[in-house]
$ cat run_1.csv   # CSV, C-alpha atoms
chain,number,residue,atom,x,y,z
A,1,MET,CA,31.9,10.3,-11.3
A,2,ARG,CA,30.8,10.2,-7.7
A,3,TYR,CA,29.8,6.8,-6.1
A,4,ILE,CA,26.3,6.7,-4.7
A,5,PRO,CA,25.6,3.8,-2.3
A,6,ARG,CA,22.8,1.4,-3.3
A,7,ARG,CA,20.9,2.0,-0.1
A,8,LYS,CA,20.7,5.7,-0.9
A,9,ILE,CA,19.5,5.1,-4.4
A,10,ALA,CA,16.9,2.6,-3.1
A,11,THR,CA,15.8,5.1,-0.5
A,12,ILE,CA,15.3,7.9,-3.1
A,13,LEU,CA,13.4,5.5,-5.4
A,14,ASN,CA,11.2,4.4,-2.6
A,15,ILE,CA,10.4,7.9,-1.6
A,16,LEU,CA,9.6,8.8,-5.2
A,17,PHE,CA,7.3,5.8,-5.5
A,18,LEU,CA,5.7,6.6,-2.2
A,19,LEU,CA,5.0,10.2,-3.3
A,20,ALA,CA,3.6,8.9,-6.6
A,21,LEU,CA,1.4,6.4,-4.8
A,22,LEU,CA,0.0,9.2,-2.5
A,23,ALA,CA,-0.6,11.4,-5.6
A,24,PHE,CA,-2.5,8.4,-7.1
A,25,ILE,CA,-4.6,7.8,-4.0
A,26,PHE,CA,-5.4,11.5,-3.4
A,27,GLY,CA,-5.9,12.1,-7.1
A,28,HIS,CA,-8.7,9.5,-7.1
A,29,SER,CA,-10.2,11.3,-4.1
A,30,VAL,CA,-10.3,14.6,-5.9
A,31,GLN,CA,-12.6,13.0,-8.6
A,32,ASN,CA,-16.3,13.8,-8.3
A,33,GLN,CA,-18.8,11.0,-7.9
A,34,ALA,CA,-19.6,10.6,-11.6
A,35,GLU,CA,-16.0,10.4,-12.6
A,36,SER,CA,-15.3,7.9,-9.8
A,37,ALA,CA,-18.3,5.8,-10.7
A,38,GLN,CA,-17.3,5.7,-14.4
A,39,GLN,CA,-13.8,4.6,-13.6
A,40,SER,CA,-15.0,1.9,-11.2
A,41,LEU,CA,-17.4,0.5,-13.8
A,42,GLY,CA,-14.5,0.4,-16.3
A,43,VAL,CA,-12.5,-1.7,-13.9
A,44,LEU,CA,-15.5,-3.8,-13.1
A,45,SER,CA,-16.0,-4.7,-16.8
A,46,THR,CA,-12.4,-5.6,-17.2
A,47,LEU,CA,-12.3,-7.8,-14.1
A,48,SER,CA,-15.6,-9.4,-15.0
A,49,GLY,CA,-14.2,-10.3,-18.4
A,50,LEU,CA,-11.2,-11.9,-16.7
A,51,LEU,CA,-13.3,-13.8,-14.2
A,52,ASP,CA,-15.5,-15.2,-16.9
A,53,HIS,CA,-12.6,-17.5,-17.8
A,54,LEU,CA,-12.4,-19.0,-14.3
A,55,PRO,CA,-14.5,-21.9,-13.2
A,56,GLY,CA,-17.3,-21.3,-10.6
A,57,GLN,CA,-19.7,-18.5,-9.9
A,58,LEU,CA,-17.8,-15.4,-8.8
A,59,VAL,CA,-19.9,-12.3,-8.5
A,60,LEU,CA,-18.2,-9.0,-8.6
A,61,THR,CA,-20.0,-5.7,-8.1
A,62,ASP,CA,-19.1,-2.0,-8.3
A,63,HIS,CA,-19.1,-1.9,-4.5
A,64,ILE,CA,-16.6,-4.7,-4.2
A,65,VAL,CA,-14.3,-3.2,-6.8
A,66,ARG,CA,-14.3,0.1,-4.9
A,67,LYS,CA,-13.5,-1.5,-1.6
A,68,LEU,CA,-10.8,-3.7,-3.1
A,69,ALA,CA,-9.3,-0.6,-4.7
A,70,HIS,CA,-9.2,1.1,-1.3
A,71,PHE,CA,-7.6,-1.9,0.3
A,72,SER,CA,-5.0,-2.5,-2.4
A,73,GLU,CA,-3.9,1.1,-2.7
A,74,PHE,CA,-3.3,1.3,1.0
A,75,ALA,CA,-1.7,-2.1,1.2
A,76,ALA,CA,0.9,-0.8,-1.3
A,77,LEU,CA,1.3,2.3,0.9
A,78,GLY,CA,1.9,0.2,4.0
A,79,PHE,CA,4.5,-1.9,2.1
A,80,CYS,CA,6.3,1.1,0.8
A,81,THR,CA,6.3,2.9,4.2
A,82,ILE,CA,7.7,0.0,6.2
A,83,HIS,CA,10.2,-0.7,3.4
A,84,LEU,CA,11.4,2.9,3.6
A,85,CYS,CA,11.9,2.4,7.4
A,86,ARG,CA,13.9,-0.8,6.7
A,87,LEU,CA,16.1,1.0,4.2
A,88,ARG,CA,16.9,3.8,6.7
A,89,MET,CA,17.2,1.7,10.0
A,90,HIS,CA,16.5,-1.6,11.5
A,91,ILE,CA,12.9,-2.8,11.9
A,92,ASN,CA,11.3,-2.7,15.3
A,93,TRP,CA,7.8,-2.1,16.7
A,94,HIS,CA,8.4,1.6,17.0
A,95,TYR,CA,8.7,1.9,13.2
A,96,VAL,CA,5.8,-0.4,12.6
A,97,LEU,CA,3.6,1.8,14.8
A,98,HIS,CA,4.9,4.9,12.9
A,99,SER,CA,4.1,3.2,9.6
A,100,LEU,CA,0.6,2.3,10.8
A,101,SER,CA,0.0,5.9,12.1
A,102,PHE,CA,1.2,7.3,8.8
A,103,GLY,CA,-1.2,5.0,6.9
A,104,LEU,CA,-4.1,6.0,9.2
A,105,LEU,CA,-3.3,9.7,8.7
A,106,CYS,CA,-3.3,9.2,4.9
A,107,ALA,CA,-6.7,7.3,5.1
A,108,LEU,CA,-8.2,10.2,7.1
A,109,ILE,CA,-6.9,12.7,4.6
A,110,ASP,CA,-8.2,10.6,1.7
A,111,GLU,CA,-11.7,10.5,3.1
A,112,THR,CA,-11.6,14.2,4.1
A,113,ILE,CA,-10.7,15.2,0.5
A,114,GLN,CA,-13.8,13.4,-0.7
A,115,LEU,CA,-16.0,15.7,1.4
A,116,PHE,CA,-15.1,18.6,-0.9
A,117,ASN,CA,-16.0,16.7,-4.2
A,118,ASP,CA,-19.7,15.8,-3.8
A,119,ARG,CA,-18.7,12.4,-2.3
A,120,SER,CA,-19.4,11.0,1.1
A,121,ALA,CA,-16.6,10.2,3.5
A,122,GLN,CA,-17.2,6.9,5.1
A,123,VAL,CA,-15.7,5.5,8.3
A,124,SER,CA,-15.8,2.0,6.8
A,125,ASP,CA,-13.5,3.2,4.1
A,126,VAL,CA,-11.0,4.5,6.7
A,127,TRP,CA,-11.1,1.0,8.3
A,128,ILE,CA,-10.6,-0.7,5.0
A,129,ASP,CA,-7.7,1.6,4.2
A,130,PHE,CA,-6.2,1.0,7.6
A,131,ALA,CA,-6.6,-2.8,7.1
A,132,GLY,CA,-4.8,-2.4,3.8
A,133,VAL,CA,-1.9,-0.6,5.4
A,134,GLY,CA,-1.6,-3.2,8.1
A,135,SER,CA,-1.7,-6.0,5.5
A,136,GLY,CA,0.9,-4.4,3.4
A,137,ILE,CA,3.2,-4.0,6.5
A,138,LEU,CA,2.5,-7.6,7.5
A,139,PHE,CA,3.3,-8.9,4.0
A,140,PHE,CA,6.6,-6.9,4.0
A,141,LEU,CA,7.5,-8.2,7.4
A,142,LEU,CA,6.7,-11.8,6.4
A,143,VAL,CA,8.8,-11.6,3.2
A,144,TYR,CA,11.6,-9.8,5.0
A,145,GLY,CA,11.6,-12.4,7.8
A,146,ILE,CA,11.7,-15.3,5.3
A,147,LEU,CA,14.7,-13.7,3.5
A,148,VAL,CA,16.6,-13.1,6.7
A,149,TRP,CA,15.9,-16.6,7.9
A,150,ARG,CA,17.1,-18.1,4.6
A,151,ARG,CA,20.2,-15.9,4.6
A,152,ARG,CA,21.1,-17.0,8.2
A,153,ARG,CA,20.4,-20.7,7.4
A,154,LYS,CA,22.6,-20.4,4.3
A,155,ALA,CA,25.4,-18.8,6.4
A,156,GLN,CA,25.2,-21.6,9.0
A,157,LYS,CA,25.6,-24.3,6.3
A,158,ALA,CA,28.7,-22.6,4.8

$ encode --input "run_1.csv" --output "structure tokens"
Amino acid sequence: MRYIPRRKIATILNILFLLALLAFIFGHSVQNQAESAQQSLGVLSTLSGLLDHLPGQLVLTDHIVRKLAHFSEFAALGFCTIHLCRLRMHINWHYVLHSLSFGLLCALIDETIQLFNDRSAQVSDVWIDFAGVGSGILFFLLVYGILVWRRRRKAQKA
């Protein structure tokens, strides 16, 4: 049996997850307005049931659920994109900008797809998507930076 390096396996898995995530994002954009609204209401009722158990008055609306969905989908996209860059090479600002550009392109494609399904494309959604991509990238860089710092600190003590 042939040995396959762990980095190559991780790269392949990351690419497959990235493609599945894009299919998920674009698949939701293909839905018409009625299907999308029905799905958002289902998520809203589930989340409202969970929030009822928390103290305080948290109000969740269909609009908030939709915007959080946009943000979280694209945060995962940003995380996966920069992680793929890290698996293939060292992180630098060049690759961060490429990841941001890829996320912006995906956000524009996402909103353009909606134009063909009786839904409106909104510039605000592109900004929310882009903010999600940026947040996913920042989260990855933060976690990665902490891990590198801990590894170096541990090596210095040894």

$ residues_around --input "run_1.csv" --residues "A:Val96" --least-positions-apart "6" --cutoff "10 Å" --atoms "only C-alpha atoms" --output "list in words"
Gly78, Thr81, Ile82, Cys85, Phe102, Gly134, Ile137, Leu138 and Leu141 of chain A

$ closest_residue --input "run_1.csv" --among "A:Asp62, A:Glu73, A:Asp118, A:Asp110" --to "A:Ala131" --atoms "only C-alpha atoms"
A:Glu73

$ closest_residue --input "run_1.csv" --among "A:Thr112, A:Ser124, A:Gln156, A:Thr61" --to "A:Val30" --atoms "only C-alpha atoms"
A:Thr112

$ atom_distance --input "run_1.csv" --atom1 "atom CA of A:Arg7" --atom2 "atom CA of A:Phe130"
28.2 Å

$ closest_residue --input "run_1.csv" --among "A:Leu97, A:Leu87, A:Ala10, A:Leu105" --to "A:Leu22" --atoms "only C-alpha atoms"
A:Leu105

$ atom_distance --input "run_1.csv" --atom1 "atom CA of A:Ile12" --atom2 "atom CA of A:Arg86"
13.2 Å

$ closest_residue --input "run_1.csv" --among "A:Leu147, A:Ile128, A:Val65, A:Leu77" --to "A:Phe17" --atoms "all atoms listed in the file"
A:Leu77

$ atom_distance --input "run_1.csv" --atom1 "atom CA of A:Leu21" --atom2 "atom CA of A:Trp127"
18.9 Å

$ residues_around --input "run_1.csv" --residues "A:Ile9" --least-positions-apart "6" --cutoff "12 Å" --atoms "all atoms listed in the file" --output "PyMOL selection string"
chain A and resi 3+15-16+84+87-88

$ write_last_selection --input "run_1.csv" --atoms "C-alpha atoms" --output "PDB file, in the frame of the given file"
ATOM      1  CA  TYR A   3      29.800   6.800  -6.100  1.00  0.00           C
ATOM      2  CA  ILE A  15      10.400   7.900  -1.600  1.00  0.00           C
ATOM      3  CA  LEU A  16       9.600   8.800  -5.200  1.00  0.00           C
ATOM      4  CA  LEU A  84      11.400   2.900   3.600  1.00  0.00           C
ATOM      5  CA  LEU A  87      16.100   1.000   4.200  1.00  0.00           C
ATOM      6  CA  ARG A  88      16.900   3.800   6.700  1.00  0.00           C
TER       7      ARG A  88
END

$ closest_residue --input "run_1.csv" --among "A:Lys154, A:Asn14, A:Trp149, A:Gly103" --to "A:Ser135" --atoms "all atoms listed in the file"
A:Gly103

$ closest_residue --input "run_1.csv" --among "A:Leu100, A:Cys80, A:Ala107, A:Arg66" --to "A:Phe26" --atoms "only C-alpha atoms"
A:Ala107
